[in-house]
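> I have a structure here, written as structure tokens, and I will follow up with some questions on it.
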Amino acid sequence: MPSMNIRCVCSALSLLAVMIFTTIISSAAVAEEPYWNQFRGPYADGTSKATGLPVTWSEKENIVWKTAVHGRGWSSPVIWKDQVWITTATPNGKELSVVCLDLNSGKIIHDKKIFDVEKPQYIDPSNSHASSTPVVEEGRVYVHYGAYGTACLDTKTAKVLWSHRDYQCNHWRGAGSSPIIYKNLLFLHFDGYDYQYVVALDKETGKEVWKKDREIDYKTRNGDSKKAYATPRIIEYQGRVQLISPAAKATLSYNPMTGEVYWKFYYPQHSTANRPLFDGERIYIGTGFGKAHLYAVDPGGNGDVTESHVKWIQQKGIPSKPSQLVIDGLLIMVDDKGIATCLDAKTGKEIWKERMARSAFSASPIYADGKIYMADKTGLTRVIKPGKKYEELAANKLDDGCISSLAVAGKSIILRTPSHVYRIQNKQK
């Protein structure tokens, strides 16, 4: 009997040890997932390695918290540790603010006015004065309002550490490009009616490191055709680090440290808004308004690569506003009118197309936990399974529409509507 008890105790201890080890490994796996720190997440492509995300929700189901936020702003939520940051503005654009919420409770931690604007520029009714998504890192968050100004804040106190208000640009229909970080630099796009250029600031001090006017032959004097809203991204290809920078009429590749232009390719469209995708072999560029196209480009060229490095072009079902996803060789997207399309990423050939019920889309889809989440302007988020056929898993309705792109935090989805921020998670029964 004693020996049996000893064996039982040993077995129990062994089981406990396995459970503890499994918990440690699981916690480590969760900890390894980077924070959703910028527009389209830690990998700049709308994907997350998070698991256990909710498939269904409503105003009465799987809502951890729902917090009202003042003003009007389409910036997407960004997350660092237990903080969720967004920007907002008064509808008339005269006051520009930043709001920080506690991830666990939804309580507003900071609500700080950053800039006053005496004479706001005109914006399109579909835009806001706070559409650029912040970028956050340990101890600092960077907020950008186009030509109205850029600021760096301490994430603990919300104290403004530095600000810039001296870059001129008539955005004409409103700003939209979001700032990004690489090493010690903060990159900003100014593609307006009158001026078009890229700026790199020292993120610690806010001092200008380089400023580069767009080297683009726009073939027009119409400033409305020179505007763009896209957020750039950093890639590395064949040992060369590049800042891939979409603009109206062309996309350029810069040396991020100096502003030197490596290559560019041309297209006829303007008001480019999609953030570029990169799958290790090709860059995918959506070209904006004026019958949007999607280009797959080899990023290894130099000079004008329009005729030499474009691998394929697709003209059907291409979104002007929502960015695309690349998942396991499939390029999946939803256009502004609610037509979802899947292409072969290598060839550009259409695999399937699905017309969703009279939905308008502005938010970019995200991919996590083996599922794609597509949120429309009516407040309906469709959850679909990626693959070579369209398979819808759920359609989840909230009270208000969704213009901002979704974010992921652990096992939660952070969703912003025009009036509220939600934390959505499977609630234990």
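Each chain in the structure tokens gets a letter, A, B, ..., in the order shown, and its residues are numbered from 1; ligands are numbered from 1 in order too.
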What lies within 12 Å of Ile424 (chain A) using only C-alpha atoms, ignoring chain neighbours under 2 positions off, as an NGL selection string?
:A and (52-67 or 103-104 or 106 or 396 or 398 or 406-416 or 421-422 or 426-427)
> Write out as a PyMOL selection string the residues lying within 9 Å of region 209-217 of chain A, counting only C-alpha atoms and excluding same-chain residues fewer than 5 positions away.
chain A and resi 185+191+195-202+247-250+252+257-261+264+266
> For region 77-90 of chain A, list every protein, DNA or RNA residue within 9 Å, evaluated using only C-alpha atoms, and leave out those in the same chain fewer than 6 positions away; present the list as a ChimeraX atom specification.
/A:34-39,41,69-71,96-104,106,109,113,128-138,141,143-145,155,404-409,414-416,421
> Could you find all residues in region 88-302 of chain A that DSSP calls strand (DSSP E or B) from the backbone, and write them as a PyMOL selection string?
chain A and resi 88-89+95-102+108-116+135-137+140-145+147+150-154+160-164+180-182+185-191+196-202+208-213+228+233-237+240-246+250-254+261-266+270+272+277-278+283-286+289+294-297
> Would you list the contacts of Arg382 (chain A) as a list in words, taking every protein, DNA or RNA residue within 6 Å and counting only C-alpha atoms, but skipping same-chain residues closer than 2 positions in sequence?
Tyr373, Met374, Ala394 and Ala395 of chain A
> Could you list, as a PyMOL selection string, every residue within 12 Å of region 285-292 of chain A, counting only C-alpha atoms and ignoring same-chain residues fewer than 4 positions away?
chain A and resi 224-233+244-252+264-278+296-299+310-325+331+333+335-336
> Mind giving me the straight-line distance from CA of Thr51 (chain A) to CA of Val383 (chain A) in Å, one decimal?
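According to the coordinates, CA of Thr51 (chain A) and CA of Val383 (chain A) are separated by 14.5 Å.
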> Would you return as JSON, numbers by chain the members of region 41-260 of chain A that DSSP assigns to helix (DSSP H, G or I) on this structure's backbone?
{"A": [223, 224, 225, 226]}
> Limited to all heavy atoms, could you put the picked residues into a file as a PDB file, in the first residue's frame?

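Writing done, so here's selection.pdb:
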```
ATOM      1  N   GLY A 223      -3.548  69.100 -59.150  1.00  0.00           N
ATOM      2  CA  GLY A 223      -3.067  68.643 -57.848  1.00  0.00           C
ATOM      3  C   GLY A 223      -3.909  67.538 -57.251  1.00  0.00           C
ATOM      4  O   GLY A 223      -3.421  66.733 -56.443  1.00  0.00           O
ATOM      5  N   ASP A 224      -5.183  67.467 -57.652  1.00  0.00           N
ATOM      6  CA  ASP A 224      -6.054  66.416 -57.135  1.00  0.00           C
ATOM      7  C   ASP A 224      -5.566  65.033 -57.572  1.00  0.00           C
ATOM      8  O   ASP A 224      -5.849  64.032 -56.924  1.00  0.00           O
ATOM      9  CB  ASP A 224      -7.477  66.643 -57.612  1.00  0.00           C
ATOM     10  CG  ASP A 224      -8.509  65.935 -56.748  1.00  0.00           C
ATOM     11  OD1 ASP A 224      -8.196  65.638 -55.577  1.00  0.00           O
ATOM     12  OD2 ASP A 224      -9.617  65.687 -57.227  1.00  0.00           O
ATOM     13  N   SER A 225      -4.826  64.977 -58.673  1.00  0.00           N
ATOM     14  CA  SER A 225      -4.286  63.717 -59.180  1.00  0.00           C
ATOM     15  C   SER A 225      -2.880  63.430 -58.647  1.00  0.00           C
ATOM     16  O   SER A 225      -2.243  62.460 -59.064  1.00  0.00           O
ATOM     17  CB  SER A 225      -4.258  63.733 -60.717  1.00  0.00           C
ATOM     18  OG  SER A 225      -5.563  63.811 -61.245  1.00  0.00           O
ATOM     19  N   LYS A 226      -2.411  64.274 -57.721  1.00  0.00           N
ATOM     20  CA  LYS A 226      -1.087  64.059 -57.125  1.00  0.00           C
ATOM     21  C   LYS A 226      -1.169  63.612 -55.668  1.00  0.00           C
ATOM     22  O   LYS A 226      -0.152  63.412 -55.024  1.00  0.00           O
ATOM     23  CB  LYS A 226      -0.263  65.353 -57.220  1.00  0.00           C
ATOM     24  CG  LYS A 226      -0.009  65.820 -58.646  1.00  0.00           C
ATOM     25  CD  LYS A 226       0.812  67.109 -58.670  1.00  0.00           C
ATOM     26  CE  LYS A 226       1.059  67.580 -60.096  1.00  0.00           C
ATOM     27  NZ  LYS A 226       1.889  68.821 -60.134  1.00  0.00           N
TER      28      LYS A 226
END
```
> Pick out the closest residue to Gly338 (chain A) from this set: A:Leu380, A:Ile366, A:Leu243, A:Ile351. Count only C-alpha atoms.
A:Leu380
